[in-house]
file run_38.cif (mmCIF, C-alpha atoms and all ligand atoms)
data_query
loop_
_atom_site.group_PDB
_atom_site.id
_atom_site.type_symbol
_atom_site.label_atom_id
_atom_site.label_comp_id
_atom_site.auth_asym_id
_atom_site.auth_seq_id
_atom_site.Cartn_x
_atom_site.Cartn_y
_atom_site.Cartn_z
ATOM 1 C CA MET V 1 84.890 38.452 -11.490
ATOM 2 C CA GLN V 2 81.591 40.221 -11.009
ATOM 3 C CA ILE V 3 79.004 39.661 -13.732
ATOM 4 C CA LEU V 4 76.615 42.588 -14.142
ATOM 5 C CA THR V 5 73.699 42.765 -16.526
ATOM 6 C CA SER V 6 72.092 46.111 -15.709
ATOM 7 C CA THR V 7 73.381 49.547 -16.598
ATOM 8 C CA ALA V 8 72.427 50.855 -13.139
ATOM 9 C CA GLU V 9 74.488 48.148 -11.371
ATOM 10 C CA LEU V 10 77.394 48.782 -13.705
ATOM 11 C CA ARG V 11 77.433 52.526 -13.047
ATOM 12 C CA ALA V 12 77.169 51.959 -9.279
ATOM 13 C CA ARG V 13 80.012 49.414 -9.306
ATOM 14 C CA LEU V 14 82.371 51.576 -11.374
ATOM 15 C CA ARG V 15 81.543 55.005 -9.879
ATOM 16 C CA THR V 16 84.593 55.146 -7.626
ATOM 17 C CA GLU V 17 87.074 53.238 -9.803
ATOM 18 C CA PRO V 18 89.974 55.566 -10.652
ATOM 19 C CA ASN V 19 91.573 53.670 -13.505
ATOM 20 C CA ILE V 20 89.310 51.591 -15.753
ATOM 21 C CA VAL V 21 90.498 49.680 -18.817
ATOM 22 C CA PHE V 22 87.712 48.388 -21.042
ATOM 23 C CA VAL V 23 87.613 45.546 -23.577
ATOM 24 C CA PRO V 24 84.302 45.316 -25.482
ATOM 25 C CA THR V 25 83.538 41.996 -27.205
ATOM 26 C CA MET V 26 80.667 40.053 -28.716
ATOM 27 C CA GLY V 27 81.708 36.905 -26.841
ATOM 28 C CA ASN V 28 82.675 33.528 -28.325
ATOM 29 C CA LEU V 29 86.082 34.315 -26.910
ATOM 30 C CA HIS V 30 89.349 32.876 -28.208
ATOM 31 C CA GLN V 31 92.989 33.433 -27.322
ATOM 32 C CA GLY V 32 93.039 36.693 -29.302
ATOM 33 C CA HIS V 33 90.417 38.170 -26.951
ATOM 34 C CA LEU V 34 92.207 36.809 -23.888
ATOM 35 C CA ASP V 35 95.432 38.492 -24.990
ATOM 36 C CA LEU V 36 93.482 41.776 -25.126
ATOM 37 C CA MET V 37 92.423 41.176 -21.502
ATOM 38 C CA HIS V 38 96.064 40.657 -20.494
ATOM 39 C CA LEU V 39 97.008 43.839 -22.347
ATOM 40 C CA ALA V 40 94.224 45.648 -20.500
ATOM 41 C CA ARG V 41 95.477 44.367 -17.146
ATOM 42 C CA ALA V 42 98.922 45.809 -17.877
ATOM 43 C CA HIS V 43 97.351 49.266 -18.279
ATOM 44 C CA GLY V 44 94.985 49.713 -15.345
ATOM 45 C CA SER V 45 93.737 48.557 -11.983
ATOM 46 C CA CYS V 46 90.141 47.704 -12.952
ATOM 47 C CA VAL V 47 89.593 45.649 -16.100
ATOM 48 C CA VAL V 48 86.050 45.649 -17.473
ATOM 49 C CA ALA V 49 85.007 43.399 -20.367
ATOM 50 C CA SER V 50 81.646 43.373 -22.087
ATOM 51 C CA ILE V 51 79.860 40.653 -24.001
ATOM 52 C CA PHE V 52 77.059 41.964 -26.161
ATOM 53 C CA VAL V 53 76.004 40.778 -29.601
ATOM 54 C CA ASN V 54 74.921 44.101 -31.014
ATOM 55 C CA PRO V 55 71.890 43.853 -33.326
ATOM 56 C CA LEU V 56 72.575 47.331 -34.695
ATOM 57 C CA GLN V 57 75.722 46.222 -36.523
ATOM 58 C CA PHE V 58 74.093 43.271 -38.321
ATOM 59 C CA GLY V 59 72.197 43.721 -41.592
ATOM 60 C CA PRO V 60 68.732 42.144 -42.058
ATOM 61 C CA ASN V 61 70.222 39.165 -43.958
ATOM 62 C CA GLU V 62 73.227 38.685 -41.686
ATOM 63 C CA ASP V 63 73.859 36.138 -38.970
ATOM 64 C CA PHE V 64 72.675 37.984 -35.816
ATOM 65 C CA ASP V 65 70.465 35.083 -34.738
ATOM 66 C CA ARG V 66 73.086 32.470 -35.613
ATOM 67 C CA TYR V 67 76.030 34.366 -34.092
ATOM 68 C CA PRO V 68 77.688 31.897 -31.669
ATOM 69 C CA ARG V 69 76.699 32.640 -28.075
ATOM 70 C CA THR V 70 78.925 30.743 -25.639
ATOM 71 C CA PHE V 71 78.356 32.688 -22.433
ATOM 72 C CA ALA V 72 79.191 29.972 -19.882
ATOM 73 C CA ALA V 73 82.458 29.059 -21.608
ATOM 74 C CA ASP V 74 83.320 32.761 -22.033
ATOM 75 C CA CYS V 75 82.793 33.381 -18.311
ATOM 76 C CA GLU V 76 85.145 30.524 -17.455
ATOM 77 C CA LYS V 77 87.814 31.993 -19.714
ATOM 78 C CA LEU V 78 87.446 35.469 -18.237
ATOM 79 C CA THR V 79 87.494 34.410 -14.591
ATOM 80 C CA GLY V 80 90.694 35.687 -13.015
ATOM 81 C CA LEU V 81 91.446 37.920 -16.010
ATOM 82 C CA VAL V 82 88.898 40.694 -15.557
ATOM 83 C CA ASP V 83 87.251 42.377 -12.577
ATOM 84 C CA VAL V 84 83.855 43.117 -14.068
ATOM 85 C CA LEU V 85 81.991 41.509 -16.955
ATOM 86 C CA PHE V 86 79.105 43.561 -18.321
ATOM 87 C CA ALA V 87 76.644 41.376 -20.223
ATOM 88 C CA PRO V 88 73.427 43.287 -20.840
ATOM 89 C CA SER V 89 70.386 42.041 -22.752
ATOM 90 C CA VAL V 90 69.338 43.829 -25.938
ATOM 91 C CA THR V 91 66.457 45.548 -24.130
ATOM 92 C CA GLU V 92 68.778 46.647 -21.328
ATOM 93 C CA LEU V 93 71.119 48.404 -23.740
ATOM 94 C CA TYR V 94 68.377 49.589 -26.091
ATOM 95 C CA PRO V 95 65.419 50.247 -23.749
ATOM 96 C CA ILE V 96 63.902 52.503 -26.381
ATOM 97 C CA GLN V 97 64.390 52.304 -30.125
ATOM 98 C CA GLN V 98 67.803 53.727 -31.032
ATOM 99 C CA THR V 99 67.135 56.613 -33.412
ATOM 100 C CA VAL V 100 70.346 58.554 -32.794
ATOM 101 C CA PHE V 101 73.478 57.100 -34.382
ATOM 102 C CA VAL V 102 77.167 57.788 -34.766
ATOM 103 C CA GLU V 103 77.775 58.556 -38.452
ATOM 104 C CA PRO V 104 81.260 57.205 -39.199
ATOM 105 C CA PRO V 105 83.617 58.710 -41.813
ATOM 106 C CA SER V 106 82.869 57.816 -45.434
ATOM 107 C CA VAL V 107 85.617 55.178 -45.505
ATOM 108 C CA ALA V 108 83.107 53.120 -43.471
ATOM 109 C CA ASN V 109 81.294 52.506 -46.775
ATOM 110 C CA GLN V 110 84.378 50.934 -48.348
ATOM 111 C CA LEU V 111 86.289 47.713 -47.614
ATOM 112 C CA CYS V 112 84.257 45.716 -45.054
ATOM 113 C CA GLY V 113 81.526 48.365 -45.175
ATOM 114 C CA ALA V 114 80.955 48.036 -48.934
ATOM 115 C CA ASN V 115 78.859 44.888 -48.523
ATOM 116 C CA ARG V 116 77.596 45.673 -45.032
ATOM 117 C CA PRO V 117 75.674 48.957 -45.201
ATOM 118 C CA GLY V 118 75.190 50.398 -41.717
ATOM 119 C CA HIS V 119 77.590 47.942 -40.065
ATOM 120 C CA PHE V 120 80.122 50.505 -38.859
ATOM 121 C CA ARG V 121 77.397 52.974 -37.906
ATOM 122 C CA GLY V 122 75.881 50.317 -35.634
ATOM 123 C CA MET V 123 79.300 49.326 -34.310
ATOM 124 C CA ALA V 124 80.333 52.919 -33.524
ATOM 125 C CA THR V 125 76.953 53.638 -31.919
ATOM 126 C CA VAL V 126 77.172 50.721 -29.509
ATOM 127 C CA VAL V 127 80.820 51.445 -28.702
ATOM 128 C CA LEU V 128 79.896 55.039 -27.822
ATOM 129 C CA LYS V 129 77.055 53.799 -25.606
ATOM 130 C CA LEU V 130 79.379 51.339 -23.882
ATOM 131 C CA PHE V 131 82.035 54.035 -23.429
ATOM 132 C CA ASN V 132 79.426 56.296 -21.787
ATOM 133 C CA LEU V 133 78.355 53.535 -19.416
ATOM 134 C CA VAL V 134 81.807 52.237 -18.485
ATOM 135 C CA GLN V 135 83.662 55.582 -18.709
ATOM 136 C CA PRO V 136 87.054 53.922 -19.182
ATOM 137 C CA HIS V 137 90.384 55.728 -19.252
ATOM 138 C CA ILE V 138 91.672 53.233 -21.775
ATOM 139 C CA ALA V 139 89.910 50.897 -24.206
ATOM 140 C CA VAL V 140 91.537 47.993 -26.000
ATOM 141 C CA PHE V 141 90.577 46.644 -29.454
ATOM 142 C CA GLY V 142 92.189 44.049 -31.714
ATOM 143 C CA GLN V 143 94.202 45.272 -34.703
ATOM 144 C CA LYS V 144 92.820 42.413 -36.768
ATOM 145 C CA ASP V 145 89.684 44.512 -37.235
ATOM 146 C CA TYR V 146 91.799 47.320 -38.639
ATOM 147 C CA GLN V 147 88.974 49.345 -40.186
ATOM 148 C CA GLN V 148 86.914 49.091 -36.995
ATOM 149 C CA LEU V 149 89.877 50.306 -34.948
ATOM 150 C CA HIS V 150 90.395 53.221 -37.357
ATOM 151 C CA ILE V 151 86.735 54.294 -37.059
ATOM 152 C CA ILE V 152 86.816 54.053 -33.260
ATOM 153 C CA ARG V 153 89.987 56.165 -33.128
ATOM 154 C CA GLN V 154 88.329 58.775 -35.356
ATOM 155 C CA MET V 155 85.206 58.789 -33.182
ATOM 156 C CA VAL V 156 87.235 59.251 -30.010
ATOM 157 C CA THR V 157 89.346 62.039 -31.527
ATOM 158 C CA GLN V 158 86.513 63.891 -33.247
ATOM 159 C CA PHE V 159 84.134 63.674 -30.263
ATOM 160 C CA ASN V 160 86.912 64.616 -27.783
ATOM 161 C CA LEU V 161 86.326 61.504 -25.706
ATOM 162 C CA PRO V 162 88.859 61.318 -22.837
ATOM 163 C CA ILE V 163 89.783 57.724 -23.673
ATOM 164 C CA GLN V 164 93.087 56.331 -24.865
ATOM 165 C CA ILE V 165 92.603 53.655 -27.521
ATOM 166 C CA ILE V 166 95.103 50.807 -27.605
ATOM 167 C CA GLY V 167 95.299 48.373 -30.528
ATOM 168 C CA GLY V 168 96.273 44.831 -29.539
ATOM 169 C CA ALA V 169 98.483 42.915 -31.993
ATOM 170 C CA THR V 170 96.770 40.175 -33.975
ATOM 171 C CA VAL V 171 97.221 36.776 -32.373
ATOM 172 C CA ARG V 172 98.082 34.035 -34.876
ATOM 173 C CA ALA V 173 98.114 30.263 -35.017
ATOM 174 C CA GLU V 174 101.508 28.634 -35.634
ATOM 175 C CA ASP V 175 101.031 28.722 -39.400
ATOM 176 C CA GLY V 176 100.171 32.439 -39.317
ATOM 177 C CA LEU V 177 96.371 32.303 -39.554
ATOM 178 C CA ALA V 178 94.870 35.178 -37.561
ATOM 179 C CA LEU V 179 92.732 33.835 -34.711
ATOM 180 C CA SER V 180 89.042 34.503 -35.256
ATOM 181 C CA SER V 181 85.761 33.098 -33.995
ATOM 182 C CA ARG V 182 85.012 32.246 -37.625
ATOM 183 C CA ASN V 183 87.978 29.839 -37.962
ATOM 184 C CA GLN V 184 85.851 27.155 -36.298
ATOM 185 C CA TYR V 185 83.687 27.035 -39.447
ATOM 186 C CA LEU V 186 86.614 25.909 -41.652
ATOM 187 C CA ASN V 187 86.820 22.225 -42.565
ATOM 188 C CA ASN V 188 90.241 20.503 -42.413
ATOM 189 C CA GLU V 189 91.116 21.258 -45.997
ATOM 190 C CA GLN V 190 90.086 24.910 -45.702
ATOM 191 C CA ARG V 191 91.950 25.255 -42.402
ATOM 192 C CA ALA V 192 95.134 24.009 -44.088
ATOM 193 C CA GLU V 193 94.651 26.561 -46.879
ATOM 194 C CA ALA V 194 93.626 29.468 -44.637
ATOM 195 C CA ALA V 195 97.140 30.579 -43.676
ATOM 196 C CA SER V 196 97.921 31.389 -47.301
ATOM 197 C CA LEU V 197 96.004 34.654 -46.864
ATOM 198 C CA PHE V 198 98.635 35.912 -44.393
ATOM 199 C CA ARG V 199 101.451 34.524 -46.577
ATOM 200 C CA THR V 200 100.043 36.423 -49.562
ATOM 201 C CA LEU V 201 99.935 39.689 -47.606
ATOM 202 C CA ASN V 202 103.516 39.180 -46.438
ATOM 203 C CA HIS V 203 104.614 38.462 -49.992
ATOM 204 C CA LEU V 204 103.025 41.727 -51.169
ATOM 205 C CA ARG V 205 104.650 43.605 -48.272
ATOM 206 C CA ASP V 206 108.067 42.185 -49.204
ATOM 207 C CA ALA V 207 107.585 43.227 -52.827
ATOM 208 C CA LEU V 208 106.751 46.789 -51.727
ATOM 209 C CA LEU V 209 109.767 46.881 -49.429
ATOM 210 C CA GLN V 210 111.967 45.681 -52.289
ATOM 211 C CA GLY V 211 110.890 48.759 -54.230
ATOM 212 C CA GLU V 212 108.207 47.426 -56.551
ATOM 213 C CA SER V 213 105.986 50.413 -57.124
ATOM 214 C CA ASP V 214 103.085 49.270 -59.311
ATOM 215 C CA ILE V 215 100.651 48.787 -56.462
ATOM 216 C CA ASN V 216 97.696 47.937 -58.700
ATOM 217 C CA ALA V 217 99.647 45.153 -60.395
ATOM 218 C CA LEU V 218 100.816 43.774 -57.046
ATOM 219 C CA GLU V 219 97.275 43.809 -55.671
ATOM 220 C CA GLN V 220 95.934 42.086 -58.789
ATOM 221 C CA ALA V 221 98.647 39.397 -58.694
ATOM 222 C CA ALA V 222 97.831 38.698 -55.040
ATOM 223 C CA ILE V 223 94.094 38.481 -55.793
ATOM 224 C CA ASP V 224 94.713 36.197 -58.795
ATOM 225 C CA GLY V 225 96.972 33.930 -56.715
ATOM 226 C CA LEU V 226 94.339 33.517 -54.005
ATOM 227 C CA THR V 227 91.526 33.051 -56.533
ATOM 228 C CA ALA V 228 93.512 30.264 -58.214
ATOM 229 C CA ARG V 229 93.743 28.531 -54.825
ATOM 230 C CA GLY V 230 89.965 28.580 -54.379
ATOM 231 C CA TRP V 231 89.445 31.850 -52.489
ATOM 232 C CA GLN V 232 86.760 34.411 -53.307
ATOM 233 C CA VAL V 233 88.491 37.687 -52.625
ATOM 234 C CA ASP V 234 86.243 40.464 -51.371
ATOM 235 C CA TYR V 235 89.068 43.014 -51.346
ATOM 236 C CA LEU V 236 92.837 43.044 -51.115
ATOM 237 C CA THR V 237 94.229 46.539 -51.205
ATOM 238 C CA VAL V 238 97.116 48.723 -50.061
ATOM 239 C CA ARG V 239 95.868 51.738 -48.090
ATOM 240 C CA ASN V 240 97.273 54.606 -46.033
ATOM 241 C CA GLN V 241 97.363 53.777 -42.324
ATOM 242 C CA SER V 242 96.179 57.295 -41.488
ATOM 243 C CA ASP V 243 92.880 57.431 -43.428
ATOM 244 C CA LEU V 244 92.514 54.007 -45.106
ATOM 245 C CA LEU V 245 92.336 55.671 -48.519
ATOM 246 C CA PRO V 246 94.284 54.141 -51.455
ATOM 247 C CA ALA V 247 98.011 54.277 -50.688
ATOM 248 C CA THR V 248 99.753 57.592 -51.307
ATOM 249 C CA GLN V 249 101.829 57.722 -48.112
ATOM 250 C CA HIS V 250 104.803 55.852 -46.653
ATOM 251 C CA GLU V 251 102.898 54.306 -43.724
ATOM 252 C CA CYS V 252 100.647 51.789 -45.451
ATOM 253 C CA VAL V 253 98.591 48.773 -44.532
ATOM 254 C CA ILE V 254 97.611 45.879 -46.756
ATOM 255 C CA LEU V 255 94.015 44.955 -45.965
ATOM 256 C CA ALA V 256 92.199 41.855 -47.134
ATOM 257 C CA ALA V 257 88.908 40.047 -46.721
ATOM 258 C CA ALA V 258 88.361 36.790 -48.560
ATOM 259 C CA LYS V 259 86.137 33.761 -48.351
ATOM 260 C CA LEU V 260 87.021 30.094 -48.232
ATOM 261 C CA GLY V 261 83.734 28.313 -48.844
ATOM 262 C CA ASN V 262 81.228 30.277 -46.756
ATOM 263 C CA THR V 263 83.770 31.485 -44.221
ATOM 264 C CA ARG V 264 84.946 35.071 -44.596
ATOM 265 C CA LEU V 265 88.401 35.742 -43.185
ATOM 266 C CA LEU V 266 90.008 39.125 -42.527
ATOM 267 C CA ASP V 267 93.650 39.986 -42.186
ATOM 268 C CA ASN V 268 96.070 42.894 -42.534
ATOM 269 C CA VAL V 269 99.777 43.656 -42.523
ATOM 270 C CA GLU V 270 101.289 47.085 -41.952
ATOM 271 C CA VAL V 271 104.175 48.194 -44.127
ATOM 272 C CA ASN V 272 106.271 51.302 -43.580
ATOM 273 C CA LEU V 273 107.917 52.176 -46.870
ATOM 274 C CA PRO V 274 111.351 53.772 -46.639
ATOM 275 C CA LYS V 275 111.390 57.511 -47.363
ATOM 276 C CA ALA V 276 113.520 58.273 -50.397
HETATM 277 O O1 LIG B 301 84.712 43.722 -32.596
HETATM 278 C C1 LIG B 301 83.684 43.437 -31.974
HETATM 279 O O2 LIG B 301 83.595 42.385 -31.322
HETATM 280 C C2 LIG B 301 82.482 44.364 -32.007
HETATM 281 O O3 LIG B 301 82.383 45.007 -33.245
HETATM 282 C C3 LIG B 301 82.472 45.396 -30.867
HETATM 283 C C4 LIG B 301 83.646 46.353 -30.939
HETATM 284 C C5 LIG B 301 82.478 44.673 -29.535
HETATM 285 C C6 LIG B 301 81.190 46.253 -30.946
HETATM 286 O O4 LIG B 301 80.048 45.466 -30.914
#
call {"tool": "encode", "arguments": {"input": "run_38.cif", "output": "structure tokens"}}
result
Amino acid sequence: MQILTSTAELRARLRTEPNIVFVPTMGNLHQGHLDLMHLARAHGSCVVASIFVNPLQFGPNEDFDRYPRTFAADCEKLTGLVDVLFAPSVTELYPIQQTVFVEPPSVANQLCGANRPGHFRGMATVVLKLFNLVQPHIAVFGQKDYQQLHIIRQMVTQFNLPIQIIGGATVRAEDGLALSSRNQYLNNEQRAEAASLFRTLNHLRDALLQGESDINALEQAAIDGLTARGWQVDYLTVRNQSDLLPATQHECVILAAAKLGNTRLLDNVEVNLPKA
């Protein structure tokens, strides 16, 4: 694995590569990320990963400075899985102040964006910059960050970027908890409780598949159930897969973000309702 930190080196290294698959990350890698690398390998001859904690997608009171940076351990995990690791500094990627941004669709202000103004704008902006530098044929993102994946797909479609976006299935612990860098913050008791978020989403999915049609009541029951178990639910909602607006279509997704103590967990479950 070649580790490159400058944009000039990266461009020179990739100039003649015919078939690049790209996996952008912010590091602190876990098995979920590594599965994305394997998925990337199955789709192309040159796998490029990036590690960059992007200041643009953190709000002023968020944890940019405290975000876990585990570069040496990440490099060990990536060795043998990827061909090139791009790990620029902030000044390398933003040599001048970034004053031009990608403005994501308005759904970016809902769900995870409701409490994080500017988050998806910063995310989409850095992903576009990385796409321009790496020029991949394919890029791979985790489906756990469902709203992020939706915004990236919209950006690629609406800006006519010649990149195929692949969503990698969420990797789960044995009890169903979606793997996330944040799981390490859970204490033992919270870790034991954490899988009930996925169980709750599955329960709601089963109710929808069994024909229960009062979506608001189902959402509220799920929120109440989690709240009674000590969760603070940020949102738990059934949305259309196509535009992430409140469910009106058959292809839906149940999206949730909820906190156990100070740890905010995200999860989602797709549900395809039978057509009458
Ligand atoms: O999902 C992430 O790790 C980040 O949002 C991404 C896509 C690497 C952009 O910084």
call {"tool": "resolve_selection", "arguments": {"input": "run_38.cif", "expression": "the PyMOL selection byres (((chain V and resi 40) around 10) and not hetatm)", "output": "PyMOL selection string"}}
result
chain V and resi 20-23+34-39+41-49+81-82+138-141+166+168
call {"tool": "closest_residue", "arguments": {"input": "run_38.cif", "among": "V:Ile152, V:Val84, V:Cys252, V:Leu179", "to": "Ile215 in chain V", "atoms": "only C-alpha atoms"}}
result
V:Cys252
call {"tool": "resolve_selection", "arguments": {"input": "run_38.cif", "expression": "the PyMOL selection byres (((not hetatm)) within 7 of (chain B and resi 301))", "output": "list in words"}}
result
Pro24, Thr25, Met26, Phe52, Val53, Asn54, Met123, Val126, Val127 and Asp145 of chain V
call {"tool": "closest_atom_pairs", "arguments": {"input": "run_38.cif", "of": "range 221-248 of chain V", "to": "range 253-259 of chain V", "cutoff": "6 Å", "atoms": "all atoms listed in the file", "output": "tab-separated table"}}
result
residue	atom	partner	partner_atom	distance
V:Trp231	CA	V:Lys259	CA	5.6
V:Gln232	CA	V:Lys259	CA	5.0
V:Val233	CA	V:Ala258	CA	4.2
V:Asp234	CA	V:Ala258	CA	5.1
V:Tyr235	CA	V:Ala256	CA	5.4
V:Leu236	CA	V:Ala256	CA	4.2
V:Thr237	CA	V:Leu255	CA	5.5
V:Val238	CA	V:Ile254	CA	4.4
V:Arg239	CA	V:Val253	CA	5.4
V:Gln241	CA	V:Val253	CA	5.6
call {"tool": "closest_atom_pairs", "arguments": {"input": "run_38.cif", "of": "range 145-221 of chain V", "to": "range 98-117 of chain V", "cutoff": "10 Å", "atoms": "all atoms listed in the file", "output": "Markdown table"}}
result
| residue | atom | partner | partner_atom | distance |
| --- | --- | --- | --- | --- |
| V:Asp145 | CA | V:Cys112 | CA | 9.6 |
| V:Gln147 | CA | V:Cys112 | CA | 7.7 |
| V:Gln148 | CA | V:Ala108 | CA | 8.5 |
| V:His150 | CA | V:Ala108 | CA | 9.5 |
| V:Ile151 | CA | V:Pro104 | CA | 6.6 |
| V:Ile152 | CA | V:Pro104 | CA | 8.7 |
| V:Gln154 | CA | V:Pro105 | CA | 8.0 |
| V:Met155 | CA | V:Pro104 | CA | 7.4 |
call {"tool": "resolve_selection", "arguments": {"input": "run_38.cif", "expression": "the PyMOL selection byres (((chain V and resi 31) around 12) and not hetatm)", "output": "list in words"}}
result
Gly27, Asn28, Leu29, His30, Gly32, His33, Leu34, Asp35, Leu36, Met37, His38, Asp74, Lys77, Leu78, Gly142, Ala169, Thr170, Val171, Arg172, Ala173, Ala178, Leu179, Ser180 and Ser181 of chain V
call {"tool": "closest_residue", "arguments": {"input": "run_38.cif", "among": "V:Ile51, V:Met1, V:Ala276, V:Leu186", "to": "Gly211 in chain V", "atoms": "only C-alpha atoms"}}
result
V:Ala276
call {"tool": "closest_residue", "arguments": {"input": "run_38.cif", "among": "V:Gln2, V:Leu133, V:Arg153, V:Ala195", "to": "Gly80 in chain V", "atoms": "only C-alpha atoms"}}
result
V:Gln2
call {"tool": "residues_near_point", "arguments": {"input": "run_38.cif", "point": "(71.0, 40.0, -39.2)", "cutoff": "12 Å", "atoms": "all atoms listed in the file", "output": "tab-separated table (two decimals) with C-alpha atoms, in the coordinates of the input"}}
result
chain	number	residue	atom	x	y	z
V	53	VAL	CA	76.00	40.78	-29.60
V	54	ASN	CA	74.92	44.10	-31.01
V	55	PRO	CA	71.89	43.85	-33.33
V	56	LEU	CA	72.58	47.33	-34.70
V	57	GLN	CA	75.72	46.22	-36.52
V	58	PHE	CA	74.09	43.27	-38.32
V	59	GLY	CA	72.20	43.72	-41.59
V	60	PRO	CA	68.73	42.14	-42.06
V	61	ASN	CA	70.22	39.16	-43.96
V	62	GLU	CA	73.23	38.68	-41.69
V	63	ASP	CA	73.86	36.14	-38.97
V	64	PHE	CA	72.68	37.98	-35.82
V	65	ASP	CA	70.46	35.08	-34.74
V	66	ARG	CA	73.09	32.47	-35.61
V	67	TYR	CA	76.03	34.37	-34.09
V	116	ARG	CA	77.60	45.67	-45.03
V	117	PRO	CA	75.67	48.96	-45.20
V	118	GLY	CA	75.19	50.40	-41.72
V	119	HIS	CA	77.59	47.94	-40.06
V	122	GLY	CA	75.88	50.32	-35.63
call {"tool": "atom_distance", "arguments": {"input": "run_38.cif", "atom1": "CA of Leu14 in chain V", "atom2": "CA of Val134 in chain V"}}
result
7.2 Å
call {"tool": "atom_distance", "arguments": {"input": "run_38.cif", "atom1": "CA of Phe86 in chain V", "atom2": "CA of Lys144 in chain V"}}
result
23.0 Å
call {"tool": "closest_residue", "arguments": {"input": "run_38.cif", "among": "V:Thr248, V:Ser242, V:Asn268, V:Thr5", "to": "Gln143 in chain V", "atoms": "only C-alpha atoms"}}
result
V:Asn268
call {"tool": "residues_near_point", "arguments": {"input": "run_38.cif", "point": "(90.5, 25.9, -49.3)", "cutoff": "7 Å", "atoms": "only C-alpha atoms", "output": "list of chain:residue names"}}
result
V:Glu189, V:Gln190, V:Glu193, V:Ala194, V:Arg229, V:Gly230, V:Trp231, V:Leu260
call {"tool": "closest_residue", "arguments": {"input": "run_38.cif", "among": "V:Cys75, V:Leu10, V:Ile96, V:Val271", "to": "Asn202 in chain V", "atoms": "all atoms listed in the file"}}
result
V:Val271
call {"tool": "decode", "arguments": {"input": "run_38.cif", "residues": "range 21-36 of chain V", "atoms": "N, CA and C atoms", "output": "JSON list (two decimals), in the first residue's frame"}}
result
[["chain", "number", "residue", "atom", "x", "y", "z"],
["V", 21, "VAL", "N", -11.39, 2.23, -7.96],
["V", 21, "VAL", "CA", -12.53, 2.18, -7.03],
["V", 21, "VAL", "C", -12.10, 2.90, -5.76],
["V", 22, "PHE", "N", -12.95, 3.80, -5.29],
["V", 22, "PHE", "CA", -12.56, 4.72, -4.22],
["V", 22, "PHE", "C", -13.46, 4.54, -2.99],
["V", 23, "VAL", "N", -12.82, 4.51, -1.82],
["V", 23, "VAL", "CA", -13.56, 4.42, -0.55],
["V", 23, "VAL", "C", -13.10, 5.56, 0.37],
["V", 24, "PRO", "N", -13.85, 6.66, 0.42],
["V", 24, "PRO", "CA", -13.47, 7.75, 1.33],
["V", 24, "PRO", "C", -13.86, 7.43, 2.77],
["V", 25, "THR", "N", -13.01, 7.78, 3.73],
["V", 25, "THR", "CA", -13.33, 7.56, 5.14],
["V", 25, "THR", "C", -12.76, 8.72, 5.96],
["V", 26, "MET", "N", -13.15, 8.74, 7.23],
["V", 26, "MET", "CA", -12.52, 9.68, 8.17],
["V", 26, "MET", "C", -11.63, 8.91, 9.14],
["V", 27, "GLY", "N", -11.26, 7.67, 8.79],
["V", 27, "GLY", "CA", -10.38, 6.89, 9.64],
["V", 27, "GLY", "C", -11.10, 6.27, 10.82],
["V", 28, "ASN", "N", -10.31, 5.87, 11.84],
["V", 28, "ASN", "CA", -10.84, 5.13, 12.99],
["V", 28, "ASN", "C", -11.62, 3.91, 12.47],
["V", 29, "LEU", "N", -10.92, 3.14, 11.67],
["V", 29, "LEU", "CA", -11.57, 2.11, 10.86],
["V", 29, "LEU", "C", -12.00, 0.90, 11.69],
["V", 30, "HIS", "N", -13.16, 0.36, 11.37],
["V", 30, "HIS", "CA", -13.65, -0.87, 11.98],
["V", 30, "HIS", "C", -14.03, -1.84, 10.85],
["V", 31, "GLN", "N", -14.56, -2.99, 11.24],
["V", 31, "GLN", "CA", -14.84, -4.03, 10.25],
["V", 31, "GLN", "C", -15.79, -3.54, 9.14],
["V", 32, "GLY", "N", -16.70, -2.63, 9.50],
["V", 32, "GLY", "CA", -17.62, -2.09, 8.49],
["V", 32, "GLY", "C", -16.84, -1.43, 7.36],
["V", 33, "HIS", "N", -15.83, -0.62, 7.71],
["V", 33, "HIS", "CA", -15.00, 0.02, 6.67],
["V", 33, "HIS", "C", -14.25, -1.04, 5.87],
["V", 34, "LEU", "N", -13.72, -2.04, 6.60],
["V", 34, "LEU", "CA", -12.89, -3.04, 5.89],
["V", 34, "LEU", "C", -13.73, -3.83, 4.90],
["V", 35, "ASP", "N", -14.99, -4.08, 5.26],
["V", 35, "ASP", "CA", -15.89, -4.74, 4.30],
["V", 35, "ASP", "C", -16.08, -3.89, 3.05],
["V", 36, "LEU", "N", -16.12, -2.55, 3.23],
["V", 36, "LEU", "CA", -16.24, -1.67, 2.05],
["V", 36, "LEU", "C", -15.00, -1.80, 1.17]]
